[in-house]
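A short write-up of the structure that comes next.
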Amino acid sequence: MDYKALAELLFPDIIKTTDYYESIYPERNLPEGAKVTRFAPSPTGFVHFGSLFPVLVGERLARQSGGVFYLRIEDTDSKREVKGAEQDIINCYKYFGITFDEGITAGGAYAPYRQSERKEIYQTYAKKMVAEGKAYPCFCTPEELEEIRARQEAEKVTPGYYGKYVKCRDLDLDTVKDKLEKGIPYTIRYRCTGNANNKIKFTDLIKGTIELTENEIDHIILKSDGTPTYHFAHAVDDHLMRTTHVIRGEEWLPSLPYHIQLFSALGFKMPKYMHIAQLMRLEGNAKKKLSKRDKGASLSYYIQEGYAAESVLEYVMTLLNSNFEDWRRANPNEDLNKFPFSIKKMSPSGSLFDLVKLNDVSKNVVSRMSAEEVYNKLTVWAEKHDPEFYTILMRDPEYAKAILSIGRGGKNPRKDFAVWSEVKNYIGFFYNEYFKITDSIQGDFDKKDIIACIDGFLETYDSNDDQTAWFDKIRKVAEDNGFCPSVKDYKDNPTGYKGHVGDVSMFLRIAVTGKLNSPDLYQVMQVLGAEETKRRLFSFKNNI
RNA sequence: GGCCCGUUGGUCAAGAGGUUAAGACACCGCCCUUUCACGGCGGAAACAGGAGUUCGAUUCUCCUACGGGUCACCA
């Protein structure tokens, strides 16, 4: 069989050689140990939360080693393509602070980074394989393939195009020419020399040494429209773009034996592989893959809810590297990127997504931010997702920041909210648009006493008092009205009083904030201002 | 079904042939406290099961169970 002639017959328009591509995409000139990683999504219009895992691993590994992290779009399946998806991907990751050194927007020396624009490259390599007898055209129709599958199912053997089930492996040149002339669609298949009875050993950087069954199937490398399948594109691109570490989901593990053959058939050096376990969620008692339909499966969900990018990154990092939380405790204010990310600390098994933990992590992250920082991020979020609140926040930035400063800073900051969408609930009462008495006084108190307490407070309230003086006055008001000035004393003798100073505080709190619970009332009044504080107190006692 | 991967408290997880088997989240109790948070202290809670190797196994080996992945002209 004249394979060279066959190659010319199939690819008459391909005139460049693989040597040409090898020379224009040379080995990268990087320092020793620098890692080249990539993120290679398909533009299907959905950015999965789980994709953050390989992305973050790739980004950290590359940046930590002085290497390159690039974005490659795998758009070889036009049927599944969604327009605008590319931009979604970029925007989504941008929000989380993930940037790419090279890719469809940044460009780079290994362009194009969109697989649909690399057709000629794939065909050049496919042509070479045909010329070397390592690939061949297959004219089988979908019906024929279905027939084969049915037969294999009946015979209870592994399905696939291999062994005695192969039809087109050794067609002679004239037959091929004839079919080509008739315009019969065809694919290019890899001529596999493997045997499923053989085992191969492989070392994955996360999973360790694993034993796999050799591939024996003549997989398709080029589809009938001339575009490559994932496997072939993976081999060609990751070789030509000089990827050193392939980081992907563990769903690729079963096709690894085939990839190994492909790299070898093409004469490529194998990259290192890291297969990351899937993120699960709990359904009843079963772990399920976090799927498209699940709330929270999409990265955009977190943007909408108003999770700070740092929060999500921090949470993902706790799942990725088991010692991250220890590091964080030792370095509470350090930049996340300073954490020495290590492959060795990655777990080989899949973890369960835990929203509660995410929220806890997020509360911690937000509590470490300055009021200024919170204000900035909050307004960016609100502008898009709560325009009314945004306008209100923008009206008086200094006031908003003063509100956000309450309980912030110091050793033990408040941890009130995990997401920006919660903030309005916490601080809304500072704005008259949102201020409303929603809670009612707890306990059995005489209306007259409540009014008397509020009046008593109003008489002596001075916004220039410090917190101690302020509270002493409340104690005094309590005492004057038959309430115990000390909660402890009250508990010893509950029948001797109408209530205690805490109850008086509750009256004031509800009058001023509308709620039973609030941040420190003294500071609330300070921020609110004497005038508004008094106005609310008057209004409350008059309407009680 | 074949092949592959995995299995330490409810969750994330550390760990080593001999440990009182860390820590975090959640939960419960107590303390602090004018509320809520914060913080502090304490509690309950785990090596999937069965063989084998070994003086000794949760750690090594095998089997079983369970969970997951994959078997496309999708990635």
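Here, A, B, ... name the chains of the structure tokens in the order displayed, residue numbers run from 1 inside each chain, and ligands are numbered from 1 in the same displayed order.
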
Residues within 7 Å of range 11-24 of chain B, please, as a VMD selection string. Count only C-alpha atoms (C1' of nucleotides); anything in the same chain fewer than 6 positions from it doesn't count.
(chain A and resid 319 322 354) or (chain B and resid 56 to 57 59)

Okay, now the selection with all heavy atoms, as a short mmCIF file (atom, residue, chain, number, x, y, z; two decimals), in the first residue's frame?
```
data_model
loop_
_atom_site.label_atom_id
_atom_site.label_comp_id
_atom_site.auth_asym_id
_atom_site.auth_seq_id
_atom_site.Cartn_x
_atom_site.Cartn_y
_atom_site.Cartn_z
N LEU A 319 -10.39 23.58 49.28
CA LEU A 319 -10.67 22.25 48.78
C LEU A 319 -9.49 21.69 47.98
O LEU A 319 -9.25 20.49 47.96
CB LEU A 319 -11.91 22.26 47.88
CG LEU A 319 -13.25 22.60 48.53
CD1 LEU A 319 -14.38 22.48 47.51
CD2 LEU A 319 -13.53 21.68 49.71
N SER A 322 -5.01 20.90 51.00
CA SER A 322 -5.49 20.61 52.34
C SER A 322 -4.82 21.45 53.42
O SER A 322 -5.34 21.58 54.51
CB SER A 322 -5.29 19.12 52.63
OG SER A 322 -3.97 18.75 52.33
N ASP A 354 -19.89 22.46 49.54
CA ASP A 354 -20.53 22.81 50.81
C ASP A 354 -20.77 24.31 50.88
O ASP A 354 -19.88 25.09 51.20
CB ASP A 354 -19.61 22.36 51.95
CG ASP A 354 -20.27 22.54 53.31
OD1 ASP A 354 -21.33 23.17 53.39
OD2 ASP A 354 -19.72 22.03 54.30
P G B 56 0.61 -10.42 65.06
OP1 G B 56 -0.65 -11.19 65.22
OP2 G B 56 1.41 -10.59 63.83
"O5'" G B 56 0.29 -8.88 65.27
"C5'" G B 56 -0.61 -8.49 66.31
"C4'" G B 56 -0.61 -6.99 66.46
"O4'" G B 56 0.74 -6.54 66.75
"C3'" G B 56 -0.97 -6.20 65.21
"O3'" G B 56 -2.39 -6.12 65.03
"C2'" G B 56 -0.35 -4.84 65.50
"O2'" G B 56 -1.14 -4.10 66.42
"C1'" G B 56 0.95 -5.26 66.19
N9 G B 56 2.05 -5.35 65.23
C8 G B 56 2.58 -6.50 64.68
N7 G B 56 3.56 -6.27 63.85
C5 G B 56 3.67 -4.88 63.84
C6 G B 56 4.57 -4.04 63.12
O6 G B 56 5.46 -4.37 62.33
N1 G B 56 4.34 -2.70 63.39
C2 G B 56 3.39 -2.23 64.25
N2 G B 56 3.31 -0.90 64.39
N3 G B 56 2.55 -3.00 64.94
C4 G B 56 2.76 -4.30 64.68
P A B 57 -2.99 -6.61 63.61
OP1 A B 57 -3.61 -7.93 63.77
OP2 A B 57 -1.95 -6.41 62.58
"O5'" A B 57 -4.18 -5.56 63.37
"C5'" A B 57 -4.14 -4.25 63.90
"C4'" A B 57 -4.11 -3.24 62.82
"O4'" A B 57 -2.77 -3.09 62.31
"C3'" A B 57 -4.91 -3.58 61.57
"O3'" A B 57 -6.32 -3.57 61.73
"C2'" A B 57 -4.30 -2.58 60.56
"O2'" A B 57 -4.78 -1.26 60.72
"C1'" A B 57 -2.84 -2.60 60.98
N9 A B 57 -1.99 -3.41 60.09
C8 A B 57 -1.96 -4.77 59.89
N7 A B 57 -1.05 -5.17 59.01
C5 A B 57 -0.43 -3.99 58.61
C6 A B 57 0.62 -3.72 57.72
N6 A B 57 1.26 -4.66 57.02
N1 A B 57 0.98 -2.44 57.55
C2 A B 57 0.34 -1.50 58.24
N3 A B 57 -0.64 -1.62 59.13
C4 A B 57 -1.00 -2.90 59.27
P U B 59 -5.50 -0.95 56.97
OP1 U B 59 -5.91 -1.52 55.69
OP2 U B 59 -5.01 -1.82 58.07
"O5'" U B 59 -4.40 0.18 56.69
"C5'" U B 59 -4.69 1.25 55.80
"C4'" U B 59 -3.53 2.23 55.77
"O4'" U B 59 -3.34 2.76 57.12
"C3'" U B 59 -2.21 1.60 55.34
"O3'" U B 59 -1.56 2.43 54.39
"C2'" U B 59 -1.41 1.49 56.63
"O2'" U B 59 -0.03 1.73 56.42
"C1'" U B 59 -1.99 2.62 57.49
N1 U B 59 -1.93 2.31 58.92
C2 U B 59 -1.03 3.02 59.68
O2 U B 59 -0.30 3.88 59.23
N3 U B 59 -1.00 2.67 61.01
C4 U B 59 -1.76 1.72 61.63
O4 U B 59 -1.63 1.52 62.84
C5 U B 59 -2.68 1.03 60.77
C6 U B 59 -2.72 1.34 59.47
#
```

Excluding A72 in chain B and residues on its chain fewer than 2 positions from it, collect all residues at most 10 Å away from it, counting only C-alpha atoms (C1' of nucleotides), and give them as a list in words.
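Residues meeting the cut-off are Gly160 and Ile220 of chain A; C74 of chain B.
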
Report the closest atom pair, with its distance in Å rounded to one decimal, for each residue of chain B that has an atom no farther than 9 Å from chain A; count only C-alpha atoms (C1' of nucleotides), sort by chain and then rising residue number, and write it as CSV.
```
residue,atom,partner,partner_atom,distance
B:G1,C1',A:Lys156,CA,8.1
B:G2,C1',A:Thr158,CA,6.5
B:C3,C1',A:Thr213,CA,7.0
B:C4,C1',A:Pro254,CA,6.2
B:C5,C1',A:Glu250,CA,8.2
B:G6,C1',A:Ser349,CA,5.6
B:U7,C1',A:Ser349,CA,8.7
B:U11,C1',A:Asp354,CA,6.8
B:C12,C1',A:Leu319,CA,6.8
B:A13,C1',A:Ser322,CA,6.6
B:A14,C1',A:Ser322,CA,8.0
B:G23,C1',A:Asp326,CA,8.1
B:A24,C1',A:Glu325,CA,7.4
B:C25,C1',A:Lys357,CA,5.2
B:A26,C1',A:Val356,CA,7.7
B:U34,C1',A:Gly502,CA,4.1
B:U35,C1',A:Asn517,CA,5.0
B:C36,C1',A:Asn517,CA,4.6
B:A37,C1',A:Arg414,CA,5.7
B:C38,C1',A:Arg414,CA,5.2
B:G39,C1',A:Asn412,CA,6.6
B:G67,C1',A:Lys287,CA,6.9
B:G68,C1',A:Lys287,CA,8.0
B:G69,C1',A:Glu251,CA,5.5
B:U70,C1',A:Pro254,CA,5.8
B:C71,C1',A:Pro159,CA,7.4
B:C73,C1',A:Lys223,CA,4.7
B:C74,C1',A:Asp77,CA,7.3
B:A75,C1',A:Tyr230,CA,6.3
```

Out of range 77-288 of chain A, which residues get alpha helix (DSSP H) from DSSP, as a short mmCIF file (atom, residue, chain, number, x, y, z; two decimals) with C-alpha atoms, in the first residue's frame?
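Result file selection.cif:
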```cif
data_model
loop_
_atom_site.label_atom_id
_atom_site.label_comp_id
_atom_site.auth_asym_id
_atom_site.auth_seq_id
_atom_site.Cartn_x
_atom_site.Cartn_y
_atom_site.Cartn_z
CA ALA A 85 -20.02 32.06 25.10
CA GLU A 86 -16.39 32.94 24.61
CA GLN A 87 -16.94 36.37 26.06
CA ASP A 88 -18.91 34.88 28.95
CA ILE A 89 -15.98 32.69 29.79
CA ILE A 90 -13.55 35.57 29.75
CA ASN A 91 -15.84 37.87 31.76
CA CYS A 92 -16.57 35.20 34.30
CA TYR A 93 -12.95 34.48 35.01
CA LYS A 94 -12.05 38.11 34.91
CA TYR A 95 -14.43 38.65 37.80
CA LYS A 119 -7.99 23.25 10.91
CA GLU A 120 -5.08 23.31 8.52
CA ILE A 121 -2.66 22.45 11.29
CA TYR A 122 -4.63 19.39 12.32
CA GLN A 123 -4.96 18.27 8.74
CA THR A 124 -1.25 18.60 8.23
CA TYR A 125 -0.59 16.28 11.11
CA ALA A 126 -3.35 13.95 10.02
CA LYS A 127 -1.85 13.85 6.56
CA LYS A 128 1.48 12.91 8.04
CA MET A 129 -0.12 10.07 9.97
CA VAL A 130 -1.81 8.79 6.84
CA ALA A 131 1.46 9.02 4.93
CA PRO A 142 -23.67 6.08 10.94
CA GLU A 143 -25.99 3.17 10.14
CA GLU A 144 -23.11 0.82 9.58
CA LEU A 145 -21.50 1.89 12.82
CA GLU A 146 -24.78 1.38 14.61
CA GLU A 147 -24.96 -2.08 13.12
CA ILE A 148 -21.52 -2.90 14.42
CA ARG A 149 -22.44 -1.65 17.83
CA ALA A 150 -25.58 -3.75 17.88
CA ARG A 151 -23.61 -6.82 16.94
CA GLN A 152 -21.08 -6.16 19.64
CA GLU A 153 -23.79 -5.69 22.16
CA ALA A 154 -25.33 -9.01 21.17
CA LEU A 173 -6.11 3.08 -3.29
CA ASP A 174 -8.60 2.64 -6.14
CA THR A 175 -11.48 2.00 -3.82
CA VAL A 176 -10.66 5.11 -1.86
CA LYS A 177 -10.32 7.13 -5.05
CA ASP A 178 -13.65 5.83 -6.28
CA LYS A 179 -15.47 6.69 -3.06
CA LEU A 180 -13.84 10.08 -2.96
CA GLU A 181 -15.01 10.81 -6.47
CA TYR A 230 -10.93 16.37 21.13
CA HIS A 231 -8.28 13.70 21.43
CA PHE A 232 -6.42 14.57 18.28
CA ALA A 233 -6.65 18.30 18.88
CA HIS A 234 -5.39 17.76 22.42
CA ALA A 235 -2.28 15.98 21.17
CA VAL A 236 -1.54 18.45 18.39
CA ASP A 237 -2.29 21.62 20.33
CA ASP A 238 -0.71 20.76 23.61
CA HIS A 239 2.38 19.68 21.77
CA LEU A 240 2.55 22.71 19.50
CA LEU A 256 -5.63 8.51 28.49
CA PRO A 257 -4.31 5.24 26.99
CA TYR A 258 -5.46 6.47 23.60
CA HIS A 259 -3.81 9.84 24.14
CA ILE A 260 -0.57 8.13 24.99
CA GLN A 261 -0.71 6.23 21.69
CA LEU A 262 -1.49 9.37 19.78
CA PHE A 263 1.45 11.29 21.24
CA SER A 264 3.70 8.40 20.42
CA ALA A 265 2.35 7.99 16.87
CA LEU A 266 2.88 11.69 16.25
#
```

Can you work out the spacing between CA of Asn364 in chain A and CA of Pro340 in chain A in Å, to one decimal?
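Distance reported for this atom pair: 20.5 Å.
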
Tell me, in Å to one decimal, how far CA of Asp218 in chain A is from CA of Asn198 in chain A.
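Atom-to-atom, CA of Asp218 in chain A to CA of Asn198 in chain A, that is 16.2 Å.
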
DSSP strand (DSSP E) residues within range 212-269 of chain A, as a ChimeraX atom specification
/A:212-213,220-222,245-249

Taking C-alpha atoms for each residue, export the selection above as a compact mmCIF listing (two decimals), in the first residue's frame.
```
# COMPACT_ATOMS: atom_id res chain seq x y z
CA LEU A 212 -4.79 1.20 32.59
CA THR A 213 -5.93 -1.05 29.82
CA ILE A 220 -11.62 9.01 14.74
CA ILE A 221 -9.05 11.75 14.59
CA LEU A 222 -10.70 13.88 11.93
CA HIS A 245 1.18 20.16 32.42
CA VAL A 246 -2.25 19.09 31.30
CA ILE A 247 -4.75 19.76 34.05
CA ARG A 248 -8.24 18.44 33.43
CA GLY A 249 -11.14 16.58 34.98
```

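The spacing separating CA of Ile14 in chain A from CA of Phe39 in chain A amounts to 29.0 Å.
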
Got a sec: who's within 6 Å of Met274 in chain A, counting only C-alpha atoms (C1' of nucleotides), leaving out chain neighbours fewer than 5 positions off, as number ranges by chain?
A: 204-206, 247

Quick one: everything within 12 Å of G29 in chain B, counting only C-alpha atoms (C1' of nucleotides), minus sequence neighbours fewer than 6 positions away in the same chain. Send it as a PDB file with all heavy atoms, in the first residue's frame.
```pdb
ATOM      1  P     C B  41     -10.093  28.781  73.594  1.00  0.00           P
ATOM      2  OP1   C B  41      -8.672  28.424  73.787  1.00  0.00           O
ATOM      3  OP2   C B  41     -10.735  28.569  72.275  1.00  0.00           O
ATOM      4  O5'   C B  41     -10.968  28.027  74.689  1.00  0.00           O
ATOM      5  C5'   C B  41     -10.614  28.088  76.068  1.00  0.00           C
ATOM      6  C4'   C B  41     -11.692  27.440  76.897  1.00  0.00           C
ATOM      7  O4'   C B  41     -12.947  28.160  76.715  1.00  0.00           O
ATOM      8  C3'   C B  41     -12.052  26.015  76.509  1.00  0.00           C
ATOM      9  O3'   C B  41     -11.136  25.067  77.022  1.00  0.00           O
ATOM     10  C2'   C B  41     -13.436  25.874  77.129  1.00  0.00           C
ATOM     11  O2'   C B  41     -13.372  25.653  78.522  1.00  0.00           O
ATOM     12  C1'   C B  41     -14.033  27.256  76.858  1.00  0.00           C
ATOM     13  N1    C B  41     -14.849  27.269  75.634  1.00  0.00           N
ATOM     14  C2    C B  41     -16.155  26.744  75.701  1.00  0.00           C
ATOM     15  O2    C B  41     -16.550  26.304  76.783  1.00  0.00           O
ATOM     16  N3    C B  41     -16.929  26.738  74.594  1.00  0.00           N
ATOM     17  C4    C B  41     -16.446  27.225  73.450  1.00  0.00           C
ATOM     18  N4    C B  41     -17.247  27.187  72.390  1.00  0.00           N
ATOM     19  C5    C B  41     -15.120  27.751  73.339  1.00  0.00           C
ATOM     20  C6    C B  41     -14.365  27.767  74.442  1.00  0.00           C
ATOM     21  P     G B  42     -10.873  23.738  76.197  1.00  0.00           P
ATOM     22  OP1   G B  42      -9.848  22.979  76.962  1.00  0.00           O
ATOM     23  OP2   G B  42     -10.631  24.056  74.775  1.00  0.00           O
ATOM     24  O5'   G B  42     -12.269  22.977  76.294  1.00  0.00           O
ATOM     25  C5'   G B  42     -12.592  22.261  77.465  1.00  0.00           C
ATOM     26  C4'   G B  42     -14.050  21.866  77.455  1.00  0.00           C
ATOM     27  O4'   G B  42     -14.869  22.984  77.018  1.00  0.00           O
ATOM     28  C3'   G B  42     -14.474  20.754  76.503  1.00  0.00           C
ATOM     29  O3'   G B  42     -14.106  19.472  76.966  1.00  0.00           O
ATOM     30  C2'   G B  42     -15.981  20.946  76.517  1.00  0.00           C
ATOM     31  O2'   G B  42     -16.549  20.453  77.706  1.00  0.00           O
ATOM     32  C1'   G B  42     -16.095  22.473  76.513  1.00  0.00           C
ATOM     33  N9    G B  42     -16.326  22.970  75.148  1.00  0.00           N
ATOM     34  C8    G B  42     -15.483  23.673  74.333  1.00  0.00           C
ATOM     35  N7    G B  42     -16.005  23.953  73.163  1.00  0.00           N
ATOM     36  C5    G B  42     -17.279  23.398  73.217  1.00  0.00           C
ATOM     37  C6    G B  42     -18.315  23.372  72.248  1.00  0.00           C
ATOM     38  O6    G B  42     -18.318  23.858  71.110  1.00  0.00           O
ATOM     39  N1    G B  42     -19.432  22.690  72.713  1.00  0.00           N
ATOM     40  C2    G B  42     -19.547  22.113  73.955  1.00  0.00           C
ATOM     41  N2    G B  42     -20.703  21.504  74.218  1.00  0.00           N
ATOM     42  N3    G B  42     -18.594  22.137  74.871  1.00  0.00           N
ATOM     43  C4    G B  42     -17.495  22.794  74.435  1.00  0.00           C
ATOM     44  P     G B  43     -14.026  18.256  75.928  1.00  0.00           P
ATOM     45  OP1   G B  43     -13.534  17.065  76.663  1.00  0.00           O
ATOM     46  OP2   G B  43     -13.317  18.719  74.714  1.00  0.00           O
ATOM     47  O5'   G B  43     -15.553  18.030  75.560  1.00  0.00           O
ATOM     48  C5'   G B  43     -16.479  17.587  76.561  1.00  0.00           C
ATOM     49  C4'   G B  43     -17.828  17.369  75.941  1.00  0.00           C
ATOM     50  O4'   G B  43     -18.300  18.607  75.365  1.00  0.00           O
ATOM     51  C3'   G B  43     -17.847  16.383  74.792  1.00  0.00           C
ATOM     52  O3'   G B  43     -17.929  15.059  75.269  1.00  0.00           O
ATOM     53  C2'   G B  43     -19.095  16.804  74.037  1.00  0.00           C
ATOM     54  O2'   G B  43     -20.268  16.293  74.646  1.00  0.00           O
ATOM     55  C1'   G B  43     -19.094  18.326  74.218  1.00  0.00           C
ATOM     56  N9    G B  43     -18.539  19.057  73.068  1.00  0.00           N
ATOM     57  C8    G B  43     -17.299  19.640  72.968  1.00  0.00           C
ATOM     58  N7    G B  43     -17.112  20.253  71.828  1.00  0.00           N
ATOM     59  C5    G B  43     -18.290  20.067  71.128  1.00  0.00           C
ATOM     60  C6    G B  43     -18.687  20.509  69.833  1.00  0.00           C
ATOM     61  O6    G B  43     -18.048  21.172  69.022  1.00  0.00           O
ATOM     62  N1    G B  43     -19.978  20.086  69.511  1.00  0.00           N
ATOM     63  C2    G B  43     -20.778  19.342  70.333  1.00  0.00           C
ATOM     64  N2    G B  43     -21.970  19.032  69.861  1.00  0.00           N
ATOM     65  N3    G B  43     -20.429  18.931  71.553  1.00  0.00           N
ATOM     66  C4    G B  43     -19.192  19.327  71.883  1.00  0.00           C
ATOM     67  P     A B  44     -17.263  13.889  74.429  1.00  0.00           P
ATOM     68  OP1   A B  44     -17.090  12.733  75.333  1.00  0.00           O
ATOM     69  OP2   A B  44     -16.095  14.410  73.703  1.00  0.00           O
ATOM     70  O5'   A B  44     -18.411  13.544  73.385  1.00  0.00           O
ATOM     71  C5'   A B  44     -19.722  13.198  73.841  1.00  0.00           C
ATOM     72  C4'   A B  44     -20.679  13.260  72.691  1.00  0.00           C
ATOM     73  O4'   A B  44     -20.823  14.642  72.273  1.00  0.00           O
ATOM     74  C3'   A B  44     -20.181  12.542  71.440  1.00  0.00           C
ATOM     75  O3'   A B  44     -20.458  11.160  71.490  1.00  0.00           O
ATOM     76  C2'   A B  44     -20.960  13.259  70.350  1.00  0.00           C
ATOM     77  O2'   A B  44     -22.301  12.802  70.268  1.00  0.00           O
ATOM     78  C1'   A B  44     -20.958  14.698  70.867  1.00  0.00           C
ATOM     79  N9    A B  44     -19.831  15.468  70.318  1.00  0.00           N
ATOM     80  C8    A B  44     -18.579  15.653  70.860  1.00  0.00           C
ATOM     81  N7    A B  44     -17.792  16.408  70.136  1.00  0.00           N
ATOM     82  C5    A B  44     -18.564  16.738  69.047  1.00  0.00           C
ATOM     83  C6    A B  44     -18.304  17.522  67.912  1.00  0.00           C
ATOM     84  N6    A B  44     -17.145  18.147  67.680  1.00  0.00           N
ATOM     85  N1    A B  44     -19.291  17.648  66.999  1.00  0.00           N
ATOM     86  C2    A B  44     -20.458  17.023  67.222  1.00  0.00           C
ATOM     87  N3    A B  44     -20.829  16.265  68.252  1.00  0.00           N
ATOM     88  C4    A B  44     -19.821  16.164  69.143  1.00  0.00           C
TER      89        A B  44
END
```

Nearest to Val512 in chain A, chosen from A:Tyr375, A:Tyr490, A:Tyr161, A:Phe540, with only C-alpha atoms counted in the distances
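Of A:Tyr375, A:Tyr490, A:Tyr161, A:Phe540, the one nearest Val512 in chain A, counting only C-alpha atoms, is A:Phe540.
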
Show me, as a PyMOL selection string, the residues that have an atom within 12 Å of A48 in chain B when counting only C-alpha atoms (C1' of nucleotides), minus same-chain residues fewer than 6 positions from it.
chain B and resi 7-8+58+64-67

So that I have them on file, write out the residues from the current selection with N, CA and C atoms (P, O5', C5', C4', C3', O3' and C1' of nucleotides), as a CSV table (one decimal), in the first residue's frame.
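This is the output file again.csv:
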```csv
chain,number,residue,atom,x,y,z
B,7,U,P,-9.5,7.1,48.8
B,7,U,O5',-10.9,6.9,49.5
B,7,U,C5',-11.8,8.0,49.7
B,7,U,C4',-13.0,7.5,50.4
B,7,U,C3',-12.7,7.0,51.8
B,7,U,O3',-13.7,7.4,52.8
B,7,U,C1',-13.8,5.3,50.5
B,8,U,P,-13.5,8.8,53.5
B,8,U,O5',-12.7,8.4,54.8
B,8,U,C5',-13.1,7.2,55.5
B,8,U,C4',-12.7,7.4,57.0
B,8,U,C3',-13.3,8.7,57.6
B,8,U,O3',-14.5,8.4,58.2
B,8,U,C1',-10.9,8.6,58.0
B,58,U,P,-7.3,-2.5,61.8
B,58,U,O5',-7.3,-1.5,60.6
B,58,U,C5',-8.5,-0.9,60.2
B,58,U,C4',-8.1,0.4,59.5
B,58,U,C3',-6.7,0.4,58.9
B,58,U,O3',-6.7,-0.1,57.6
B,58,U,C1',-7.0,2.4,60.1
B,64,U,P,-14.3,-9.2,44.2
B,64,U,O5',-15.3,-8.8,45.4
B,64,U,C5',-16.3,-9.8,45.9
B,64,U,C4',-17.0,-9.2,47.1
B,64,U,C3',-17.8,-7.9,46.8
B,64,U,O3',-19.0,-8.2,46.2
B,64,U,C1',-16.6,-7.7,48.8
B,65,A,P,-19.8,-7.1,45.4
B,65,A,O5',-20.1,-6.0,46.5
B,65,A,C5',-21.2,-6.3,47.5
B,65,A,C4',-21.2,-5.1,48.5
B,65,A,C3',-21.5,-3.8,47.8
B,65,A,O3',-22.9,-3.6,47.6
B,65,A,C1',-19.7,-3.6,49.4
B,66,C,P,-23.4,-2.8,46.3
B,66,C,O5',-23.0,-1.3,46.7
B,66,C,C5',-23.7,-0.7,47.9
B,66,C,C4',-22.9,0.6,48.3
B,66,C,C3',-22.7,1.6,47.2
B,66,C,O3',-23.9,2.4,46.9
B,66,C,C1',-20.7,1.3,48.3
B,67,G,P,-24.2,2.9,45.5
B,67,G,O5',-23.2,4.1,45.3
B,67,G,C5',-23.3,5.2,46.2
B,67,G,C4',-22.1,6.1,46.0
B,67,G,C3',-21.8,6.5,44.5
B,67,G,O3',-22.7,7.5,44.1
B,67,G,C1',-19.8,5.9,45.5
```

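Shell of Gln467 in chain A at 10 Å, with only C-alpha atoms (C1' of nucleotides) counted and residues fewer than 3 places along the chain excluded, is A:Ser463, A:Asn464, A:Trp470, A:Phe471, A:Asp472, A:Lys473, A:Leu521, A:Tyr522, A:Gln523, A:Gln526.
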
File dump, residues just selected, N, CA and C atoms, as a compact mmCIF listing (two decimals), in the first residue's frame:
```txt
# COMPACT_ATOMS: atom_id res chain seq x y z
N SER A 463 -25.06 63.49 71.71
CA SER A 463 -24.23 62.69 70.78
C SER A 463 -22.74 62.89 71.01
N ASN A 464 -22.40 63.84 71.87
CA ASN A 464 -20.98 64.02 72.16
C ASN A 464 -20.49 63.09 73.28
N TRP A 470 -22.76 57.43 77.55
CA TRP A 470 -24.03 57.15 76.86
C TRP A 470 -24.79 56.02 77.56
N PHE A 471 -24.06 54.96 77.87
CA PHE A 471 -24.76 53.82 78.47
C PHE A 471 -25.12 54.09 79.94
N ASP A 472 -24.27 54.85 80.61
CA ASP A 472 -24.60 55.20 82.00
C ASP A 472 -25.92 55.96 82.06
N LYS A 473 -26.14 56.79 81.04
CA LYS A 473 -27.39 57.53 81.00
C LYS A 473 -28.58 56.59 80.81
N LEU A 521 -25.58 49.64 69.27
CA LEU A 521 -26.55 50.72 69.18
C LEU A 521 -25.92 52.10 69.33
N TYR A 522 -24.90 52.20 70.15
CA TYR A 522 -24.22 53.48 70.32
C TYR A 522 -23.66 53.95 68.98
N GLN A 523 -22.97 53.05 68.32
CA GLN A 523 -22.37 53.42 67.03
C GLN A 523 -23.43 53.68 65.98
N GLN A 526 -24.49 57.11 66.50
CA GLN A 526 -23.44 58.04 66.09
C GLN A 526 -23.46 58.26 64.58
```
